[in-house]
Amino acid sequence: MRLRLTASTWACLLLLVLSLYRAGQLYYSSIAELSKPTTNDAPAVPETDSRILPYRFEQEKNDETVMANKPSNLFYFVQVSDLHLSQFSAQGHSNHFLHFMNSVLPLIKPELVVVTGDLTDAKASDKVKTQQYPEEWEMYKAAVEQGAGKTAWYDMRGNHDCFNLESWQSPSNLYRTYGKSAKLIETGQGVYDWHVKKPFGQYQFVVADACPKKGPARPFNFFGYLTAKTMDRLVSAVLTPTHYNHTFVFSHYPTTTMVFGESSDGYRFKDVAQRMSVYFCGHLHRLVAGLGDVLKSYNPWTDSLELELADMKDHGAFRIVAVDHDLISFVDAELPISKISTGIPSLTKDKKVNWPEKIPVAPIVMITNPKDSRFVLGRKEPYYRTRTSTHIRFLVFSDANPSELRVRITVDDLPHPFPAKFVGTADTPLWVSSWEPNDFDDREGHKLRIEVTSMLTDMTGEATVEFRMDDIRLAIGGGIGEWLIGSHVVTLNLCP
């Protein structure tokens with residue numbers, strides 16, 4: 001039987017072929033700069049060998065710093081990702097982001113917030129066609145300007161923010177108009193950084209925009225690219241002679257979904273990774289069927305972590321990162337989604353946000369000492385400070401006063417014998433409890449669990465860490481998600 005196609009079917013096939021051809025053009029033009037630059041306009045790279053990993057801190061015998069019962073040598077910041085603000089979706093999306101800004105951010109009071117891309121959804125009501133909608137960008141800008149207060153705010157593009165863009169200069173590039181950090185990205189040509197200076201050290205934050213130079217429609221821009229020219233700028237920012245206690249790098253894409261160029265001086269991303277402590281990203285939305293619940297990995301050759309964060313869009317996820325005496329800890333938390341009503345938020349005529357009613361949030365608990373041994377950086381953190389510490393240390397973010405919180409501490413499922421005490425301030429909600437680290441220096445793993453209940457709401461938050469007193473790392477145990485994030489099977493060779 002001979003198959004006959006109608007004229008409309010032939011037209012659809014022709015349109016499909018033309019679309020694929022155009023997507024291919026955009027793809028190849030976007031990666032054309034992955035090869036080394038042929039000109040001499042690359043930024044100067046300091047004379048330093050990034051492949052040598054000097055120990056960052058004083059050796060244990062010379063270090064007099066003690067983690068005790070004072071809110072010192074401590075700061076924290078927040079990461080959110082994949083907001084997908086939408087003018088068509090009534091559940092999640094914009095609703096979640098507005099609730100985060102109105103109900104959660106005021107509790108945390110972070111030093112800064114970094115949004116790792118996909119600020120808007122850029123999808124039509126049919127969830128198939130894509131374009132950049134000014135209404136979504138206006139909502140994002142208004143929410144940040146009216147809700148962030150004095151908190152420093154940094155952002156970058158994700159693949160949804162690059163849908164249907166011919167170039168950065170395209171009128172459709174609405175991030176250029178509404179993005180909080182658009183000028184920084186434009187000035188730095190894809191890379192920008194800033195520094196946090198404290199009496200106890202300097203900390204570097206670096207953002208790399210890995211979006212394709214020309215953004216096709218979905219699903220053709222799932223992968224990110226750091227071209228050779230962008231690598232020059234990233235190398236110039238990170239491989240500096242300046243001593244930083246920690247360098248944090250942010251991008252939308254996990255490295256397993258990225259293609260990397262090589263800098264003019266032959267540096268690859270693995271050389272940059274040897275200087276950074278943590279690479280923060282988003283993009284994968286926890287995948288499906290629980291495969292992405294633990295999208296976190298440790299690279300032993302670069303002694304660095306890669307931490308993917310779930311999305312704000314569906315899961316209401318956000319991350320708090322603390323640096324306590326140069327030990328890096330983090331907690332991934334979620335909005336109480338069941339308490340959030342549906343509806344499509346809109347701005348008033350004078351561009352004011354119609355903020356949703358605040359919702360009660362359980363206390364958010366983050367243990368900073370002892371640090372979770374699954375995420376220890378042996379050459380980049382003074383983990384030995386845990387062995388000389390005098391107190392368990394943890395942060396509690398809650399709208400209740402410290403006197404209205406009940407704290408329960410267990411170690412290896414046994415009640416901890418010493419009470420918890422609030423020693424923090426309004427901006428640094430630190431709690432401590434006396435302990436003797438030598439009691440746990442037995443070459444075994446231990447589990448610390450802290451539960452905090454608010455007497456105002458009767459809601460309980462908790463945190464658990466697995467720790468050892470020696471320098472042995474515990475396995476992250478992320479299964480397929482850890483393998484996916486850590487392997488980078490596409491192009492990046494992380495071996496020396």
# chains A, B, ... in the order shown; residues from 1 in each chain; ligands from 1

call {"tool": "residues_around", "arguments": {"residues": "Trp137 (chain A)", "least_positions_apart": "5", "cutoff": "10 Å", "atoms": "only C-alpha atoms", "output": "PyMOL selection string"}}
result
chain A and resi 85-87+119-122+132+142-143+161+174-175+177-179

call {"tool": "residues_around", "arguments": {"residues": "Phe250 (chain A)", "least_positions_apart": "2", "cutoff": "9 Å", "atoms": "only C-alpha atoms", "output": "PyMOL selection string"}}
result
chain A and resi 114-116+156+205-209+248+252-253+278-281

call {"tool": "select_by_dssp", "arguments": {"residues": "region 278-380 of chain A", "states": "strand (DSSP E)", "output": "PyMOL selection string"}}
result
chain A and resi 278-281+296-299+304-308+317-324+327-334+364-369

call {"tool": "atom_distance", "arguments": {"atom1": "CA of Thr348 (chain A)", "atom2": "CA of Glu135 (chain A)"}}
result
11.8 Å

call {"tool": "closest_residue", "arguments": {"among": "A:Met469, A:Ala152, A:Ile337, A:Val259", "to": "Trp194 (chain A)", "atoms": "only C-alpha atoms"}}
result
A:Ala152

call {"tool": "residues_around", "arguments": {"residues": "region 64-78 of chain A", "least_positions_apart": "5", "cutoff": "7 Å", "atoms": "only C-alpha atoms", "output": "list of chain:residue names"}}
result
A:Pro110, A:Glu111, A:Leu112, A:Val113, A:Val114, A:Phe200, A:Arg319, A:Ile320, A:Val321, A:Ala322, A:Val323, A:Asp324, A:His325, A:Arg385, A:Thr388, A:Ser389, A:Thr390, A:His391, A:Val423, A:Gly424, A:Leu430, A:Val432

call {"tool": "write_last_selection", "arguments": {"atoms": "N, CA, C and O atoms", "output": "compact mmCIF listing (two decimals), in the first residue's frame"}}
result
# COMPACT_ATOMS: atom_id res chain seq x y z
N PRO A 110 20.30 37.36 54.70
CA PRO A 110 21.64 36.98 54.24
C PRO A 110 22.47 38.19 53.85
O PRO A 110 21.95 39.28 53.61
N GLU A 111 23.76 37.98 53.76
CA GLU A 111 24.66 39.04 53.30
C GLU A 111 24.41 39.35 51.83
O GLU A 111 24.48 40.48 51.40
N LEU A 112 24.09 38.32 51.06
CA LEU A 112 23.83 38.49 49.64
C LEU A 112 23.03 37.31 49.12
O LEU A 112 22.96 36.26 49.75
N VAL A 113 22.42 37.51 47.94
CA VAL A 113 21.66 36.47 47.25
C VAL A 113 22.21 36.34 45.84
O VAL A 113 22.50 37.34 45.17
N VAL A 114 22.39 35.09 45.38
CA VAL A 114 22.80 34.83 44.01
C VAL A 114 21.73 33.95 43.36
O VAL A 114 21.38 32.90 43.89
N PHE A 200 38.46 38.63 59.15
CA PHE A 200 39.08 37.31 59.23
C PHE A 200 39.43 36.74 57.85
O PHE A 200 39.83 35.58 57.74
N ARG A 319 18.81 27.64 49.00
CA ARG A 319 19.99 27.14 49.71
C ARG A 319 20.61 28.25 50.53
O ARG A 319 20.76 29.38 50.06
N ILE A 320 20.98 27.93 51.77
CA ILE A 320 21.73 28.83 52.62
C ILE A 320 23.14 28.27 52.76
O ILE A 320 23.31 27.08 53.07
N VAL A 321 24.14 29.10 52.51
CA VAL A 321 25.55 28.69 52.60
C VAL A 321 26.22 29.53 53.68
O VAL A 321 26.14 30.76 53.65
N ALA A 322 26.87 28.87 54.62
CA ALA A 322 27.56 29.57 55.69
C ALA A 322 29.05 29.27 55.63
O ALA A 322 29.46 28.15 55.30
N VAL A 323 29.84 30.28 55.95
CA VAL A 323 31.28 30.11 56.11
C VAL A 323 31.59 30.44 57.56
O VAL A 323 31.52 31.60 57.98
N ASP A 324 31.89 29.41 58.33
CA ASP A 324 32.13 29.56 59.77
C ASP A 324 33.57 29.15 60.07
O ASP A 324 33.93 27.97 59.97
N HIS A 325 34.41 30.13 60.40
CA HIS A 325 35.84 29.87 60.63
C HIS A 325 36.44 29.14 59.43
O HIS A 325 37.26 28.24 59.57
N ARG A 385 40.11 22.56 62.75
CA ARG A 385 39.56 23.46 63.77
C ARG A 385 38.38 22.83 64.51
O ARG A 385 38.07 23.22 65.64
N THR A 388 39.67 21.14 67.64
CA THR A 388 40.06 22.01 68.75
C THR A 388 38.91 22.90 69.21
O THR A 388 39.11 23.77 70.06
N SER A 389 37.73 22.71 68.64
CA SER A 389 36.58 23.56 68.99
C SER A 389 36.07 23.22 70.38
O SER A 389 36.26 22.11 70.89
N THR A 390 35.38 24.19 70.96
CA THR A 390 34.82 23.99 72.30
C THR A 390 33.29 23.86 72.28
O THR A 390 32.71 23.49 73.29
N HIS A 391 32.68 24.15 71.11
CA HIS A 391 31.22 24.16 71.06
C HIS A 391 30.69 23.64 69.73
O HIS A 391 31.31 23.85 68.68
N VAL A 423 23.66 32.70 71.34
CA VAL A 423 24.75 33.65 71.58
C VAL A 423 24.87 34.62 70.41
O VAL A 423 25.84 35.39 70.34
N GLY A 424 23.89 34.61 69.52
CA GLY A 424 23.97 35.41 68.31
C GLY A 424 23.40 36.80 68.46
O GLY A 424 23.23 37.33 69.57
N LEU A 430 23.10 32.73 65.87
CA LEU A 430 23.96 31.60 66.22
C LEU A 430 23.58 31.01 67.58
O LEU A 430 23.38 31.72 68.55
N VAL A 432 24.88 27.74 70.31
CA VAL A 432 26.02 26.87 70.61
C VAL A 432 25.63 25.89 71.71
O VAL A 432 24.66 26.08 72.44

call {"tool": "closest_residue", "arguments": {"among": "A:Ile476, A:Val144, A:Ile108, A:Val128", "to": "Val365 (chain A)", "atoms": "only C-alpha atoms"}}
result
A:Ile108

call {"tool": "residues_around", "arguments": {"residues": "Val396 (chain A)", "least_positions_apart": "3", "cutoff": "9 Å", "atoms": "only C-alpha atoms", "output": "VMD selection string"}}
result
chain A and resid 108 363 to 367 402 428 to 431 452 461

call {"tool": "residues_around", "arguments": {"residues": "Phe269 (chain A)", "least_positions_apart": "2", "cutoff": "10 Å", "atoms": "only C-alpha atoms", "output": "short mmCIF file (atom, residue, chain, number, x, y, z; two decimals) with all heavy atoms, in the first residue's frame"}}
result
data_model
loop_
_atom_site.label_atom_id
_atom_site.label_comp_id
_atom_site.auth_asym_id
_atom_site.auth_seq_id
_atom_site.Cartn_x
_atom_site.Cartn_y
_atom_site.Cartn_z
N LEU A 226 31.32 27.70 27.48
CA LEU A 226 32.29 28.72 27.85
C LEU A 226 33.31 28.76 26.72
O LEU A 226 34.16 27.86 26.59
CB LEU A 226 32.97 28.40 29.18
CG LEU A 226 32.11 28.55 30.44
CD1 LEU A 226 32.94 28.29 31.69
CD2 LEU A 226 31.45 29.92 30.51
N MET A 231 36.68 31.86 28.58
CA MET A 231 37.64 31.20 29.45
C MET A 231 38.81 32.13 29.79
O MET A 231 39.32 32.12 30.92
CB MET A 231 38.17 29.93 28.78
CG MET A 231 37.23 28.73 28.89
SD MET A 231 36.95 28.19 30.59
CE MET A 231 38.62 27.76 31.10
N LEU A 234 37.49 34.22 32.53
CA LEU A 234 37.32 33.45 33.76
C LEU A 234 38.67 33.17 34.41
O LEU A 234 38.84 33.30 35.63
CB LEU A 234 36.58 32.15 33.46
CG LEU A 234 36.25 31.26 34.66
CD1 LEU A 234 35.34 31.99 35.63
CD2 LEU A 234 35.60 29.95 34.19
N VAL A 235 39.65 32.81 33.60
CA VAL A 235 40.99 32.55 34.11
C VAL A 235 41.59 33.81 34.71
O VAL A 235 42.20 33.79 35.79
CB VAL A 235 41.90 32.01 32.97
CG1 VAL A 235 43.36 32.06 33.37
CG2 VAL A 235 41.50 30.59 32.60
N THR A 255 28.44 21.36 35.22
CA THR A 255 29.53 21.16 34.28
C THR A 255 29.28 19.96 33.36
O THR A 255 29.81 19.90 32.26
CB THR A 255 30.87 20.94 35.03
OG1 THR A 255 30.74 19.84 35.94
CG2 THR A 255 31.25 22.20 35.79
N VAL A 259 30.05 22.67 27.58
CA VAL A 259 31.19 22.47 26.69
C VAL A 259 32.17 23.61 26.96
O VAL A 259 31.78 24.78 26.96
CB VAL A 259 30.76 22.47 25.21
CG1 VAL A 259 31.97 22.26 24.30
CG2 VAL A 259 29.71 21.40 24.96
N PHE A 260 33.43 23.25 27.18
CA PHE A 260 34.42 24.24 27.60
C PHE A 260 35.46 24.48 26.51
O PHE A 260 35.98 23.53 25.90
CB PHE A 260 35.15 23.77 28.87
CG PHE A 260 34.27 23.67 30.07
CD1 PHE A 260 33.64 22.47 30.37
CD2 PHE A 260 34.06 24.75 30.88
CE1 PHE A 260 32.82 22.36 31.47
CE2 PHE A 260 33.23 24.66 32.00
CZ PHE A 260 32.62 23.45 32.29
N GLY A 261 35.76 25.74 26.30
CA GLY A 261 36.89 26.08 25.46
C GLY A 261 38.18 26.05 26.28
O GLY A 261 38.19 25.68 27.45
N GLU A 262 39.26 26.46 25.65
CA GLU A 262 40.56 26.51 26.30
C GLU A 262 41.09 27.93 26.17
O GLU A 262 40.97 28.55 25.11
CB GLU A 262 41.51 25.51 25.64
CG GLU A 262 42.85 25.35 26.34
CD GLU A 262 43.68 24.26 25.71
OE1 GLU A 262 43.18 23.12 25.61
OE2 GLU A 262 44.83 24.54 25.29
N SER A 263 41.66 28.44 27.24
CA SER A 263 42.11 29.83 27.22
C SER A 263 43.32 30.00 26.30
O SER A 263 43.95 29.04 25.86
CB SER A 263 42.47 30.29 28.63
OG SER A 263 43.73 29.77 29.02
N TYR A 267 44.88 27.19 29.55
CA TYR A 267 44.19 26.78 30.77
C TYR A 267 42.83 26.19 30.43
O TYR A 267 42.11 26.70 29.57
CB TYR A 267 44.00 27.97 31.71
CG TYR A 267 45.28 28.44 32.36
CD1 TYR A 267 45.94 29.56 31.88
CD2 TYR A 267 45.80 27.77 33.46
CE1 TYR A 267 47.11 29.99 32.47
CE2 TYR A 267 46.97 28.21 34.06
CZ TYR A 267 47.62 29.32 33.57
OH TYR A 267 48.77 29.75 34.16
N ASP A 271 41.73 23.66 35.61
CA ASP A 271 42.72 24.54 36.25
C ASP A 271 42.03 25.60 37.09
O ASP A 271 42.49 25.94 38.18
CB ASP A 271 43.60 25.19 35.19
CG ASP A 271 44.34 24.17 34.34
OD1 ASP A 271 44.94 23.25 34.92
OD2 ASP A 271 44.30 24.27 33.10
N VAL A 272 40.92 26.11 36.59
CA VAL A 272 40.13 27.06 37.37
C VAL A 272 39.56 26.38 38.60
O VAL A 272 39.55 26.93 39.71
CB VAL A 272 38.99 27.64 36.50
CG1 VAL A 272 38.07 28.53 37.34
CG2 VAL A 272 39.56 28.44 35.33
N ALA A 273 39.09 25.14 38.42
CA ALA A 273 38.47 24.42 39.52
C ALA A 273 39.44 24.17 40.67
O ALA A 273 39.03 24.03 41.82
CB ALA A 273 37.89 23.09 39.02
N GLN A 274 40.74 24.12 40.38
CA GLN A 274 41.70 23.92 41.46
C GLN A 274 41.79 25.12 42.38
O GLN A 274 42.24 25.00 43.53
CB GLN A 274 43.08 23.61 40.86
CG GLN A 274 43.11 22.26 40.16
CD GLN A 274 44.51 21.72 40.00
OE1 GLN A 274 45.26 21.66 40.97
NE2 GLN A 274 44.87 21.32 38.80
N LEU A 492 34.81 17.36 29.45
CA LEU A 492 35.80 17.83 30.43
C LEU A 492 36.55 16.68 31.05
O LEU A 492 35.96 15.79 31.65
CB LEU A 492 35.09 18.63 31.53
CG LEU A 492 35.99 19.18 32.64
CD1 LEU A 492 37.03 20.10 32.04
CD2 LEU A 492 35.17 19.89 33.67
N ASN A 493 37.85 16.68 30.94
CA ASN A 493 38.70 15.70 31.59
C ASN A 493 39.20 16.29 32.90
O ASN A 493 40.02 17.18 32.90
CB ASN A 493 39.88 15.34 30.69
CG ASN A 493 40.83 14.38 31.37
OD1 ASN A 493 40.46 13.72 32.33
ND2 ASN A 493 42.05 14.29 30.86
N LEU A 494 38.68 15.77 34.00
CA LEU A 494 39.04 16.34 35.29
C LEU A 494 40.28 15.66 35.91
O LEU A 494 40.69 16.01 36.99
CB LEU A 494 37.86 16.21 36.26
CG LEU A 494 36.70 17.16 35.95
CD1 LEU A 494 35.57 16.92 36.93
CD2 LEU A 494 37.13 18.61 36.00
#

call {"tool": "closest_residue", "arguments": {"among": "A:Pro415, A:Asp471, A:Lys358, A:Val294", "to": "Arg379 (chain A)", "atoms": "only C-alpha atoms"}}
result
A:Asp471

call {"tool": "residues_around", "arguments": {"residues": "region 201-204 of chain A", "least_positions_apart": "6", "cutoff": "6 Å", "atoms": "only C-alpha atoms", "output": "PyMOL selection string"}}
result
chain A and resi 195+244-247

call {"tool": "atom_distance", "arguments": {"atom1": "CA of Lys123 (chain A)", "atom2": "CA of Glu136 (chain A)"}}
result
10.3 Å

call {"tool": "closest_residue", "arguments": {"among": "A:Val411, A:Met455, A:Leu474, A:Ala90", "to": "Phe440 (chain A)", "atoms": "only C-alpha atoms"}}
result
A:Val411

call {"tool": "closest_residue", "arguments": {"among": "A:Val376, A:Ala237, A:Leu335, A:Leu347", "to": "Ser277 (chain A)", "atoms": "only C-alpha atoms"}}
result
A:Val376

call {"tool": "closest_residue", "arguments": {"among": "A:Leu184, A:Gln146, A:Ala228, A:Ala310", "to": "Asp118 (chain A)", "atoms": "only C-alpha atoms"}}
result
A:Ala310

call {"tool": "select_by_dssp", "arguments": {"residues": "region 140-356 of chain A", "states": "alpha helix (DSSP H)", "output": "PyMOL selection string"}}
result
chain A and resi 140-147+175-178+182-187+228-238+269-273+312-315

call {"tool": "write_last_selection", "arguments": {"atoms": "C-alpha atoms", "output": "mmCIF file, in the first residue's frame"}}
result
data_model
loop_
_atom_site.group_PDB
_atom_site.id
_atom_site.type_symbol
_atom_site.label_atom_id
_atom_site.label_comp_id
_atom_site.auth_asym_id
_atom_site.auth_seq_id
_atom_site.Cartn_x
_atom_site.Cartn_y
_atom_site.Cartn_z
ATOM 1 C CA TYR A 140 11.076 39.790 38.391
ATOM 2 C CA LYS A 141 12.518 43.296 38.476
ATOM 3 C CA ALA A 142 9.713 44.650 40.660
ATOM 4 C CA ALA A 143 9.937 41.758 43.134
ATOM 5 C CA VAL A 144 13.699 42.204 43.555
ATOM 6 C CA GLU A 145 13.584 45.981 43.846
ATOM 7 C CA GLN A 146 10.646 45.967 46.263
ATOM 8 C CA GLY A 147 11.425 42.787 48.212
ATOM 9 C CA TYR A 175 17.637 40.318 30.699
ATOM 10 C CA ARG A 176 19.738 43.191 29.387
ATOM 11 C CA THR A 177 16.941 45.558 30.430
ATOM 12 C CA TYR A 178 15.574 43.900 33.567
ATOM 13 C CA ALA A 182 23.053 42.781 33.354
ATOM 14 C CA LYS A 183 25.540 45.656 33.279
ATOM 15 C CA LEU A 184 28.113 43.591 35.141
ATOM 16 C CA ILE A 185 27.784 40.745 32.643
ATOM 17 C CA GLU A 186 27.905 43.129 29.692
ATOM 18 C CA THR A 187 30.960 44.983 31.010
ATOM 19 C CA ALA A 228 37.848 30.427 24.589
ATOM 20 C CA LYS A 229 37.357 34.178 25.032
ATOM 21 C CA THR A 230 35.084 33.616 28.026
ATOM 22 C CA MET A 231 37.645 31.197 29.451
ATOM 23 C CA ASP A 232 40.278 33.941 29.132
ATOM 24 C CA ARG A 233 38.127 36.203 31.271
ATOM 25 C CA LEU A 234 37.316 33.455 33.762
ATOM 26 C CA VAL A 235 40.993 32.547 34.107
ATOM 27 C CA SER A 236 41.907 36.215 34.534
ATOM 28 C CA ALA A 237 39.318 36.546 37.323
ATOM 29 C CA VAL A 238 40.118 33.355 39.236
ATOM 30 C CA PHE A 269 38.268 24.536 33.379
ATOM 31 C CA LYS A 270 39.950 21.973 35.627
ATOM 32 C CA ASP A 271 42.718 24.537 36.247
ATOM 33 C CA VAL A 272 40.126 27.059 37.367
ATOM 34 C CA ALA A 273 38.468 24.417 39.523
ATOM 35 C CA MET A 312 12.164 27.399 42.932
ATOM 36 C CA LYS A 313 9.569 26.856 40.186
ATOM 37 C CA ASP A 314 8.083 23.523 41.330
ATOM 38 C CA HIS A 315 9.929 22.553 44.493
#

call {"tool": "atom_distance", "arguments": {"atom1": "CA of Lys129 (chain A)", "atom2": "CA of Val353 (chain A)"}}
result
27.1 Å

call {"tool": "decode", "arguments": {"residues": "region 386-395 of chain A", "atoms": "all heavy atoms", "output": "PDB file, in the first residue's frame"}}
result
ATOM      1  N   THR A 386      37.730  21.866  63.863  1.00  0.00           N
ATOM      2  CA  THR A 386      36.665  21.140  64.563  1.00  0.00           C
ATOM      3  C   THR A 386      37.237  20.367  65.749  1.00  0.00           C
ATOM      4  O   THR A 386      36.613  20.286  66.814  1.00  0.00           O
ATOM      5  CB  THR A 386      35.952  20.179  63.594  1.00  0.00           C
ATOM      6  OG1 THR A 386      35.232  20.944  62.625  1.00  0.00           O
ATOM      7  CG2 THR A 386      34.968  19.286  64.329  1.00  0.00           C
ATOM      8  N   ARG A 387      38.435  19.810  65.582  1.00  0.00           N
ATOM      9  CA  ARG A 387      39.028  19.000  66.652  1.00  0.00           C
ATOM     10  C   ARG A 387      39.436  19.848  67.859  1.00  0.00           C
ATOM     11  O   ARG A 387      39.551  19.327  68.972  1.00  0.00           O
ATOM     12  CB  ARG A 387      40.252  18.246  66.121  1.00  0.00           C
ATOM     13  CG  ARG A 387      39.911  17.166  65.112  1.00  0.00           C
ATOM     14  CD  ARG A 387      41.108  16.256  64.857  1.00  0.00           C
ATOM     15  NE  ARG A 387      42.141  16.920  64.072  1.00  0.00           N
ATOM     16  CZ  ARG A 387      42.212  16.882  62.751  1.00  0.00           C
ATOM     17  NH1 ARG A 387      41.281  16.228  62.071  1.00  0.00           N
ATOM     18  NH2 ARG A 387      43.179  17.493  62.095  1.00  0.00           N
ATOM     19  N   THR A 388      39.669  21.139  67.635  1.00  0.00           N
ATOM     20  CA  THR A 388      40.059  22.013  68.746  1.00  0.00           C
ATOM     21  C   THR A 388      38.910  22.903  69.212  1.00  0.00           C
ATOM     22  O   THR A 388      39.111  23.770  70.060  1.00  0.00           O
ATOM     23  CB  THR A 388      41.251  22.899  68.319  1.00  0.00           C
ATOM     24  OG1 THR A 388      40.866  23.709  67.201  1.00  0.00           O
ATOM     25  CG2 THR A 388      42.449  22.043  67.940  1.00  0.00           C
ATOM     26  N   SER A 389      37.729  22.710  68.636  1.00  0.00           N
ATOM     27  CA  SER A 389      36.583  23.559  68.990  1.00  0.00           C
ATOM     28  C   SER A 389      36.067  23.217  70.376  1.00  0.00           C
ATOM     29  O   SER A 389      36.257  22.112  70.887  1.00  0.00           O
ATOM     30  CB  SER A 389      35.469  23.404  67.957  1.00  0.00           C
ATOM     31  OG  SER A 389      34.954  22.080  67.964  1.00  0.00           O
ATOM     32  N   THR A 390      35.380  24.185  70.963  1.00  0.00           N
ATOM     33  CA  THR A 390      34.816  23.992  72.303  1.00  0.00           C
ATOM     34  C   THR A 390      33.295  23.864  72.280  1.00  0.00           C
ATOM     35  O   THR A 390      32.708  23.491  73.293  1.00  0.00           O
ATOM     36  CB  THR A 390      35.193  25.163  73.224  1.00  0.00           C
ATOM     37  OG1 THR A 390      34.664  26.390  72.675  1.00  0.00           O
ATOM     38  CG2 THR A 390      36.707  25.282  73.354  1.00  0.00           C
ATOM     39  N   HIS A 391      32.677  24.153  71.109  1.00  0.00           N
ATOM     40  CA  HIS A 391      31.217  24.164  71.061  1.00  0.00           C
ATOM     41  C   HIS A 391      30.690  23.638  69.727  1.00  0.00           C
ATOM     42  O   HIS A 391      31.308  23.854  68.677  1.00  0.00           O
ATOM     43  CB  HIS A 391      30.663  25.584  71.262  1.00  0.00           C
ATOM     44  CG  HIS A 391      30.836  26.116  72.651  1.00  0.00           C
ATOM     45  ND1 HIS A 391      32.048  26.559  73.128  1.00  0.00           N
ATOM     46  CD2 HIS A 391      29.935  26.260  73.674  1.00  0.00           C
ATOM     47  CE1 HIS A 391      31.904  26.967  74.384  1.00  0.00           C
ATOM     48  NE2 HIS A 391      30.634  26.797  74.722  1.00  0.00           N
ATOM     49  N   ILE A 392      29.595  22.953  69.796  1.00  0.00           N
ATOM     50  CA  ILE A 392      28.760  22.721  68.622  1.00  0.00           C
ATOM     51  C   ILE A 392      28.177  24.075  68.236  1.00  0.00           C
ATOM     52  O   ILE A 392      27.755  24.850  69.103  1.00  0.00           O
ATOM     53  CB  ILE A 392      27.642  21.713  68.927  1.00  0.00           C
ATOM     54  CG1 ILE A 392      28.233  20.326  69.219  1.00  0.00           C
ATOM     55  CG2 ILE A 392      26.625  21.644  67.797  1.00  0.00           C
ATOM     56  CD1 ILE A 392      27.209  19.335  69.756  1.00  0.00           C
ATOM     57  N   ARG A 393      28.133  24.378  66.937  1.00  0.00           N
ATOM     58  CA  ARG A 393      27.628  25.668  66.481  1.00  0.00           C
ATOM     59  C   ARG A 393      26.565  25.442  65.412  1.00  0.00           C
ATOM     60  O   ARG A 393      26.747  24.629  64.497  1.00  0.00           O
ATOM     61  CB  ARG A 393      28.776  26.517  65.908  1.00  0.00           C
ATOM     62  CG  ARG A 393      29.806  26.929  66.943  1.00  0.00           C
ATOM     63  CD  ARG A 393      31.101  27.422  66.326  1.00  0.00           C
ATOM     64  NE  ARG A 393      30.934  28.633  65.525  1.00  0.00           N
ATOM     65  CZ  ARG A 393      31.080  29.871  65.985  1.00  0.00           C
ATOM     66  NH1 ARG A 393      31.355  30.087  67.263  1.00  0.00           N
ATOM     67  NH2 ARG A 393      30.947  30.907  65.166  1.00  0.00           N
ATOM     68  N   PHE A 394      25.458  26.185  65.504  1.00  0.00           N
ATOM     69  CA  PHE A 394      24.409  26.064  64.499  1.00  0.00           C
ATOM     70  C   PHE A 394      23.585  27.340  64.425  1.00  0.00           C
ATOM     71  O   PHE A 394      23.459  28.084  65.403  1.00  0.00           O
ATOM     72  CB  PHE A 394      23.510  24.847  64.774  1.00  0.00           C
ATOM     73  CG  PHE A 394      22.833  24.829  66.127  1.00  0.00           C
ATOM     74  CD1 PHE A 394      21.502  25.197  66.275  1.00  0.00           C
ATOM     75  CD2 PHE A 394      23.531  24.417  67.267  1.00  0.00           C
ATOM     76  CE1 PHE A 394      20.869  25.161  67.508  1.00  0.00           C
ATOM     77  CE2 PHE A 394      22.915  24.381  68.502  1.00  0.00           C
ATOM     78  CZ  PHE A 394      21.578  24.750  68.630  1.00  0.00           C
ATOM     79  N   LEU A 395      23.073  27.602  63.226  1.00  0.00           N
ATOM     80  CA  LEU A 395      22.222  28.762  62.975  1.00  0.00           C
ATOM     81  C   LEU A 395      20.772  28.320  62.939  1.00  0.00           C
ATOM     82  O   LEU A 395      20.450  27.245  62.414  1.00  0.00           O
ATOM     83  CB  LEU A 395      22.597  29.416  61.648  1.00  0.00           C
ATOM     84  CG  LEU A 395      24.003  30.022  61.556  1.00  0.00           C
ATOM     85  CD1 LEU A 395      24.374  30.281  60.103  1.00  0.00           C
ATOM     86  CD2 LEU A 395      24.091  31.306  62.367  1.00  0.00           C
TER      87      LEU A 395
END
